[in-house]
>>> print(open('input-v9.txt').read())   # compact mmCIF, C-alpha atoms
# COMPACT_ATOMS: atom_id res chain seq x y z
CA CYS A 1 107.02 99.24 88.95
CA TRP A 2 103.56 99.18 90.54
CA GLY A 3 101.87 95.87 91.23
CA ALA A 4 99.95 93.56 93.58
CA ASP A 5 96.79 95.45 94.62
CA GLY A 6 97.91 98.61 92.86
CA SER A 7 99.61 100.24 95.84
CA CYS A 8 102.75 98.11 96.06
CA VAL A 9 106.06 99.04 94.42
CA ALA A 10 108.50 96.39 93.22
CA SER A 11 112.18 97.04 92.58
CA ALA A 12 115.16 95.02 91.41
CA SER A 13 118.78 96.07 91.28
CA CYS A 14 122.44 95.10 91.09
CA ASP A 15 122.28 93.86 94.69
CA GLN A 16 120.70 90.74 93.12
CA THR A 17 117.42 91.01 95.01
CA ALA A 18 113.83 91.84 94.05
CA ARG A 19 111.92 93.73 96.75
CA ILE A 20 108.31 94.79 97.30
CA PHE A 21 107.38 97.90 99.28
CA ALA A 22 103.94 98.92 100.49
CA PRO A 23 102.24 101.35 102.92
CA VAL A 24 101.26 99.44 106.05
CA LEU A 25 99.81 100.03 109.51
CA GLY A 26 101.76 99.14 112.61
CA PRO A 27 104.95 100.08 114.46
CA SER A 28 107.80 101.73 112.64
CA ASN A 29 111.37 102.32 113.75
CA HIS A 30 111.02 105.90 112.52
CA ARG A 31 107.70 106.76 114.16
CA ALA A 32 107.18 106.72 117.88
CA SER A 33 103.84 108.47 118.41
CA GLU A 34 100.75 106.34 118.88
CA GLU A 35 98.78 108.58 116.50
CA ALA A 36 101.30 108.05 113.73
CA ILE A 37 101.22 104.30 114.27
CA LEU A 38 97.43 104.03 114.26
CA ASN A 39 96.40 106.60 111.67
CA LYS A 40 99.26 107.15 109.24
CA PRO A 41 100.45 104.14 107.25
CA HIS A 42 104.17 104.12 106.57
CA TRP A 43 106.09 102.59 103.71
CA CYS A 44 108.29 99.61 104.38
CA GLU A 45 109.66 96.52 102.67
CA VAL A 46 107.09 93.73 102.94
CA ALA A 47 108.65 91.00 100.78
CA ARG A 48 111.85 89.93 99.08
CA PRO A 49 110.41 87.47 96.53
CA GLN A 50 113.63 86.79 94.63
CA VAL A 51 117.25 86.55 95.76
CA HIS A 52 119.20 85.85 92.61
CA GLY A 53 122.74 84.98 91.61
CA HIS A 54 122.88 87.65 88.89
CA ASP A 55 122.45 91.42 88.77
CA PHE A 56 118.89 92.38 87.79
CA SER A 57 118.17 94.51 84.74
CA CYS A 58 114.35 94.64 84.64
CA ILE A 59 111.18 93.71 86.48
CA ALA A 60 107.48 94.16 85.66
CA PHE A 61 104.19 93.04 87.20
CA VAL A 62 101.73 91.46 84.77
CA PRO A 63 98.35 93.25 85.06
CA PHE A 64 96.14 90.18 84.85
CA LYS A 65 92.39 90.77 84.77
CA ALA A 66 90.49 87.55 85.38
CA SER A 67 93.39 85.78 83.70
CA THR A 68 95.20 82.53 84.32
CA VAL A 69 98.81 81.77 85.06
CA ALA A 70 99.78 78.49 83.45
CA SER A 71 101.83 76.52 85.95
CA ASN A 72 104.88 74.62 84.85
CA THR A 73 103.71 71.55 86.71
CA ALA A 74 101.08 68.85 86.32
CA ASN A 75 98.44 71.44 87.25
CA GLU A 76 99.12 73.41 84.08
CA GLY A 77 96.22 75.64 83.14
CA SER A 78 94.91 75.94 86.70
CA ASP A 79 93.37 79.22 87.82
CA SER A 80 95.61 79.58 90.87
CA CYS A 81 96.18 83.25 90.07
CA ARG A 82 92.68 84.09 88.91
CA SER A 83 91.54 87.42 90.32
CA SER A 84 89.29 90.31 89.40
CA ASN A 85 91.95 93.02 89.48
CA PRO A 86 95.22 92.53 91.40
CA SER A 87 98.48 91.80 89.66
CA LEU A 88 99.97 88.83 91.50
CA VAL A 89 102.57 87.77 88.96
CA TYR A 90 105.78 89.47 87.90
CA VAL A 91 108.46 88.84 85.28
CA SER A 92 112.13 89.60 85.87
CA GLY A 93 115.27 89.64 83.75
CA SER A 94 118.92 89.74 84.74
CA GLU A 95 122.41 89.02 83.45
CA GLU A 96 121.22 85.78 81.84
CA LYS A 97 119.27 84.79 78.73
CA VAL A 98 116.14 83.67 80.61
CA LEU A 99 113.03 85.56 81.68
CA ARG A 100 111.65 84.23 84.97
CA VAL A 101 107.98 84.37 86.02
CA PHE A 102 106.98 84.46 89.70
CA GLU A 103 103.62 84.13 91.45
CA ALA A 104 102.58 85.57 94.82
CA THR A 105 102.28 83.12 97.72
CA GLN A 106 99.57 82.63 100.31
CA ALA A 107 102.02 83.75 103.01
CA PHE A 108 102.66 87.05 101.23
CA LEU A 109 98.96 87.76 100.62
CA HIS A 110 98.07 86.95 104.24
CA THR A 111 100.93 89.10 105.52
CA LEU A 112 100.04 92.07 103.30
CA SER A 113 96.38 91.86 104.33
CA LEU A 114 97.23 91.79 108.03
CA LEU A 115 99.63 94.71 107.65
CA ARG A 116 96.81 96.65 105.97
CA GLY A 117 94.51 96.02 108.92
CA HIS A 118 92.37 93.32 107.30
CA SER A 119 91.51 90.09 109.07
CA SER A 120 91.72 87.97 105.94
CA SER A 121 93.52 88.11 102.59
CA SER A 122 90.15 87.55 100.88
CA ASP A 123 89.25 91.12 101.87
CA LEU A 124 91.91 92.40 99.47
CA PHE A 125 92.44 89.64 96.95
CA GLY A 126 89.45 87.30 97.18
CA GLY A 127 89.66 83.56 97.65
CA GLY A 128 88.90 82.10 94.24
CA SER A 129 88.57 78.49 93.24
CA GLY A 130 92.32 78.22 92.72
CA TRP A 131 93.36 79.52 96.15
CA GLY A 132 94.22 76.04 97.42
CA LEU A 133 96.54 75.52 94.45
CA ARG A 134 98.60 78.60 95.31
CA ALA A 135 101.90 77.84 97.04
CA PHE A 136 102.18 78.85 100.68
CA GLY A 137 105.80 79.90 100.20
CA ALA A 138 109.00 79.03 98.39
CA SER A 139 112.56 77.96 99.06
CA VAL A 140 115.79 77.83 97.08
CA GLY A 141 118.77 75.52 97.41
CA ALA A 142 122.14 76.76 98.61
CA LEU A 143 123.58 76.72 95.09
CA GLY A 144 120.32 77.02 93.16
CA LEU A 145 118.71 79.86 91.22
CA THR A 146 115.14 78.48 91.08
CA ASN A 147 112.61 79.16 93.84
CA LYS A 148 110.68 75.95 94.51
CA ALA A 149 107.05 76.10 95.64
CA MET A 150 106.18 74.96 99.18
CA PHE A 151 102.71 73.96 100.32
CA GLU A 152 101.02 73.71 103.70
CA GLU A 153 100.60 70.31 105.32
CA GLY A 154 97.42 68.75 104.01
CA GLY A 155 97.18 71.24 101.15
CA SER A 156 97.65 70.79 97.44
CA ARG A 157 101.18 70.00 96.29
CA GLU A 158 102.70 70.18 92.89
CA GLU A 159 105.59 68.23 91.48
CA GLY A 160 108.88 69.55 92.82
CA GLY A 161 107.17 71.29 95.76
CA ALA A 162 107.53 70.67 99.47
CA ALA A 163 105.51 71.14 102.63
CA ALA A 164 105.95 74.25 104.75
CA PRO A 165 106.68 73.32 108.39
CA SER A 166 104.90 74.79 111.39
CA TYR A 167 106.47 77.01 114.05
CA ALA A 168 105.17 75.11 117.06
CA GLY A 169 107.56 75.43 119.99
CA TYR A 170 109.02 78.79 118.94
CA ALA A 171 107.32 81.33 121.19
CA ASP A 172 109.37 84.23 119.78
CA GLY A 173 107.93 83.78 116.30
CA SER A 174 109.14 82.73 112.87
CA ASP A 175 111.85 85.41 112.66
CA PHE A 176 113.89 83.52 115.26
CA VAL A 177 113.51 79.99 113.91
CA PRO A 178 116.84 78.51 112.74
CA ASN A 179 116.76 78.07 108.95
CA ALA A 180 113.36 79.77 108.98
CA MET A 181 110.76 78.77 106.41
CA PRO A 182 107.77 80.64 104.88
CA GLY A 183 105.39 82.15 107.40
CA VAL A 184 102.82 84.90 107.98
CA VAL A 185 103.71 87.95 110.09
CA ARG A 186 101.45 90.63 111.59
CA GLU A 187 104.06 93.41 111.81
CA PRO A 188 106.54 94.79 109.26
CA PRO A 189 108.95 91.89 108.58
CA LEU A 190 112.42 91.91 110.11
CA GLU A 191 115.51 91.54 107.96
CA GLU A 192 115.84 87.85 108.87
CA HIS A 193 112.29 87.16 107.74
CA LEU A 194 112.70 89.11 104.51
CA ALA A 195 115.93 87.33 103.63
CA GLN A 196 114.61 83.81 104.20
CA ASN A 197 110.83 83.60 104.46
CA MET A 198 109.27 85.76 101.75
CA LEU A 199 110.39 84.10 98.51
CA TRP A 200 107.87 83.57 95.70
CA PRO A 201 107.88 80.38 93.62
CA GLU A 202 109.12 80.49 90.05
CA VAL A 203 106.35 79.23 87.77
CA ARG A 204 107.94 79.68 84.35
CA LYS A 205 111.20 80.22 82.52
CA LEU A 206 111.02 81.91 79.11
CA TYR A 207 113.81 80.94 76.71
CA GLY A 208 114.60 82.61 73.40
CA HIS A 209 116.94 85.55 73.82
CA GLY A 210 120.56 85.19 72.80
CA ASP A 211 122.11 87.47 75.42
CA ASN A 212 121.49 89.03 78.83
CA LEU A 213 118.00 90.46 79.33
CA TYR A 214 117.74 94.23 79.28
CA CYS A 215 114.07 95.29 79.40
CA VAL A 216 110.56 93.84 79.68
CA SER A 217 107.08 95.35 79.37
CA PRO A 218 103.60 93.77 79.74
CA SER A 219 100.61 94.97 77.74
CA PRO A 220 97.92 96.80 79.74
CA ASP A 221 95.55 93.81 79.53
CA GLY A 222 98.26 91.37 80.59
CA ALA A 223 97.79 89.27 77.46
CA LEU A 224 101.26 89.88 76.02
CA ILE A 225 104.76 90.57 77.29
CA ALA A 226 107.49 92.21 75.20
CA SER A 227 111.16 91.76 76.06
CA ALA A 228 114.58 92.55 74.64
CA CYS A 229 118.19 91.68 75.43
CA VAL A 230 121.67 93.13 75.05
CA ALA A 231 122.47 93.17 71.32
CA LYS A 232 125.23 94.05 68.90
CA SER A 233 123.44 92.83 65.78
CA ALA A 234 119.98 92.95 64.22
CA THR A 235 119.41 89.27 64.98
CA ALA A 236 120.12 89.68 68.68
CA ALA A 237 118.11 92.92 68.79
CA LEU A 238 114.82 91.17 67.98
CA ILE A 239 111.98 92.07 70.35
CA TRP A 240 110.28 88.93 71.63
CA VAL A 241 106.53 88.93 72.32
CA TRP A 242 105.13 86.29 74.68
CA ASP A 243 101.53 85.15 75.15
CA THR A 244 100.76 84.86 78.87
CA LYS A 245 98.10 82.19 78.29
CA ASP A 246 100.75 79.54 77.71
CA TRP A 247 103.94 81.62 78.13
CA LYS A 248 105.09 80.87 74.59
CA GLY A 249 106.73 83.24 72.16
CA VAL A 250 104.27 84.42 69.50
CA ALA A 251 106.32 87.02 67.60
CA GLN A 252 109.83 88.36 67.03
CA LEU A 253 109.85 92.01 65.98
CA ALA A 254 112.75 93.27 63.89
CA ALA A 255 113.49 97.00 63.75
CA HIS A 256 116.80 97.66 65.48
CA ASN A 257 120.50 96.82 65.15
CA LEU A 258 121.64 97.39 68.72
CA THR A 259 120.26 96.89 72.24
CA VAL A 260 116.63 97.91 72.74
CA THR A 261 116.81 100.03 75.89
CA GLN A 262 113.10 100.42 76.66
CA LEU A 263 109.71 99.08 75.63
CA SER A 264 106.36 100.78 76.28
CA TRP A 265 102.80 99.79 75.34
CA SER A 266 100.10 102.33 74.58
CA HIS A 267 97.25 102.59 77.08
CA SER A 268 94.96 100.72 74.71
CA GLY A 269 97.55 97.98 74.16
CA ARG A 270 97.35 98.50 70.41
CA PHE A 271 100.83 100.00 69.94
CA LEU A 272 104.27 99.05 71.26
CA ALA A 273 107.08 101.62 71.22
CA SER A 274 110.75 100.70 71.43
CA ALA A 275 113.92 102.76 71.84
CA SER A 276 117.38 101.53 70.94
CA ARG A 277 121.05 102.33 71.19
CA ASP A 278 121.13 102.43 67.39
CA ARG A 279 119.74 105.99 67.69
CA SER A 280 116.24 105.10 66.57
CA PHE A 281 112.85 104.29 68.01
CA SER A 282 110.06 102.27 66.43
CA VAL A 283 106.32 101.86 66.89
CA PHE A 284 104.61 98.50 66.29
CA GLU A 285 100.89 97.90 65.86
CA ARG A 286 99.00 94.77 66.86
CA CYS A 287 97.25 93.55 63.72
CA PRO A 288 93.82 91.85 63.84
CA ALA A 289 94.93 89.07 61.49
CA PRO A 290 98.22 87.51 60.33
CA SER A 291 99.78 89.27 57.37
CA SER A 292 102.97 89.22 55.37
CA PRO A 293 105.82 90.78 57.38
CA SER A 294 106.66 94.33 56.41
CA SER A 295 110.16 95.66 55.96
CA PRO A 296 111.18 97.12 59.32
CA SER A 297 111.91 100.82 59.38
CA PRO A 298 112.59 103.13 62.33
CA ALA A 299 109.94 105.71 63.11
CA ALA A 300 112.53 108.37 63.85
CA GLY A 301 116.19 108.90 64.54
CA THR A 302 118.26 110.55 67.26
CA THR A 303 121.81 111.85 67.32
CA THR A 304 122.81 109.63 70.26
CA ALA A 305 121.65 106.30 71.67
CA ALA A 306 117.97 106.38 72.64
CA ALA A 307 117.64 105.56 76.35
CA GLY A 308 113.87 105.44 76.73
CA ALA A 309 110.46 105.54 75.10
CA ALA A 310 106.89 106.12 76.25
CA THR A 311 103.48 106.14 74.59
CA ALA A 312 100.94 108.94 74.90
CA PRO A 313 97.42 108.32 76.29
CA GLY A 314 94.86 107.85 73.55
CA ALA A 315 91.31 106.71 72.90
CA SER A 316 92.23 103.95 70.46
CA THR A 317 90.69 100.60 71.17
CA GLY A 318 92.72 97.42 71.51
CA THR A 319 92.74 94.54 69.08
CA ASP A 320 93.01 90.78 69.24
CA PRO A 321 95.70 89.92 71.87
CA SER A 322 96.96 87.08 69.72
CA ALA A 323 97.46 89.33 66.71
CA GLU A 324 100.77 89.92 65.03
CA ALA A 325 102.62 93.20 65.21
CA LYS A 326 104.14 95.27 62.44
CA PRO A 327 106.50 98.25 62.57
CA GLN A 328 105.08 101.63 61.62
CA GLY A 329 107.21 103.94 59.53
>>> encode(input="input-v9.txt", output="structure tokens")
Amino acid sequence: CWGADGSCVASASCDQTARIFAPVLGPSNHRASEEAILNKPHWCEVARPQVHGHDFSCIAFVPFKASTVASNTANEGSDSCRSSNPSLVYVSGSEEKVLRVFEATQAFLHTLSLLRGHSSSSDLFGGGSGWGLRAFGASVGALGLTNKAMFEEGGSREEGGAAAPSYAGYADGSDFVPNAMPGVVREPPLEEHLAQNMLWPEVRKLYGHGDNLYCVSPSPDGALIASACVAKSATAALIWVWDTKDWKGVAQLAAHNLTVTQLSWSHSGRFLASASRDRSFSVFERCPAPSSPSSPSPAAGTTTAAAGAATAPGASTGTDPSAEAKPQG
């Protein structure tokens, strides 16, 4: 999926890692000419924000627009991720019942800016009043699954966080520090740095699904997230909708009997399409006001399991982000 400043690609796979790729300036192992290095950005891996203990099934950046990420600490409701356009938060699902929310670190934003030829991350992402509340990096215990936020010495710290150490005395740089910790690099990161130094802190866990996560999709305005899990019954096949203001579930949409394989919002954010292994797909509409739930009915049927769904571009306008959704026959 696309994310960050709009030109980064995030991926997650069965190798149990989430990776971010971006076009950057600087030396490349595959390009030797000075002209290529100076004038033609090349794609490379710039961060590995999540190294998990389970195989990944889905990942999606949340397209926040002047929105707020509610921290799961004492600073809940802070505007640490407030920005005019970039998407600095992503949600991932894996072979577990929990959705995990991650926020970009200062180290990542500084590194990406330097790799793009900017002198400061504010050139790309802006400072913002909540910049000091953003974690510098993250770390995870040897047997843990949760990335804990780390903050610079003298900076703001949240409960459960730690201070990021300096690299004084290591002339060769952070890539060669034993048990290396978060740091900023000016060239495409080496494997050692990617594996240890580029984690993002986990800011939320979303509980509700009864089986392993299968797909997730944020609305175009970033106000809502829809997710679904592996299912063999109508109860387990419920589509959960989460409000990103407080990361709480606001709706459970019933329309399928087996695993929902894909979710897709319309460009206006008014409609949500879902495809399922029960050979049907459904379309839900965000209603402007609460109403009595309608009897769910599939919009169409297929002869085999539906593997995907997508919405067509349209001129429809969006509705209240907090509105309920109803299936359309």
>>> atom_distance(input="input-v9.txt", atom1="CA of Asp55 in chain A", atom2="CA of Lys97 in chain A")
12.4 Å
>>> residues_around(input="input-v9.txt", residues="range 221-225 of chain A", least_positions_apart="5", cutoff="8 Å", atoms="only C-alpha atoms", output="PDB file with C-alpha atoms, in the coordinates of the input")
ATOM      1  CA  VAL A  62     101.730  91.460  84.770  1.00  0.00           C
ATOM      2  CA  PRO A  63      98.350  93.250  85.060  1.00  0.00           C
ATOM      3  CA  PHE A  64      96.140  90.180  84.850  1.00  0.00           C
ATOM      4  CA  LYS A  65      92.390  90.770  84.770  1.00  0.00           C
ATOM      5  CA  VAL A 216     110.560  93.840  79.680  1.00  0.00           C
ATOM      6  CA  VAL A 241     106.530  88.930  72.320  1.00  0.00           C
ATOM      7  CA  TRP A 242     105.130  86.290  74.680  1.00  0.00           C
ATOM      8  CA  ASP A 243     101.530  85.150  75.150  1.00  0.00           C
ATOM      9  CA  THR A 244     100.760  84.860  78.870  1.00  0.00           C
ATOM     10  CA  LYS A 245      98.100  82.190  78.290  1.00  0.00           C
ATOM     11  CA  GLY A 269      97.550  97.980  74.160  1.00  0.00           C
ATOM     12  CA  PRO A 321      95.700  89.920  71.870  1.00  0.00           C
TER      13      PRO A 321
END
>>> closest_residue(input="input-v9.txt", among="A:Val101, A:Cys1, A:Cys215, A:Leu112", to="Ser57 in chain A", atoms="only C-alpha atoms")
A:Cys215
>>> closest_residue(input="input-v9.txt", among="A:Asp278, A:Glu191, A:Glu202, A:Asp246", to="Val260 in chain A", atoms="all atoms listed in the file")
A:Asp278
>>> closest_residue(input="input-v9.txt", among="A:Gly210, A:Lys248, A:Val24, A:Pro288", to="Ala236 in chain A", atoms="only C-alpha atoms")
A:Gly210
>>> closest_residue(input="input-v9.txt", among="A:Phe271, A:Phe61, A:Trp43, A:Tyr214", to="Leu258 in chain A", atoms="all atoms listed in the file")
A:Tyr214
>>> closest_residue(input="input-v9.txt", among="A:Val46, A:Leu194, A:Ala231, A:Ala60", to="Ser264 in chain A", atoms="only C-alpha atoms")
A:Ala60
>>> residues_around(input="input-v9.txt", residues="Trp2 in chain A", least_positions_apart="3", cutoff="10 Å", atoms="all atoms listed in the file", output="ChimeraX atom specification")
/A:5-11,20-22,60-63,87
>>> closest_residue(input="input-v9.txt", among="A:Ser274, A:Ser268, A:Thr111, A:Thr105", to="Glu187 in chain A", atoms="all atoms listed in the file")
A:Thr111
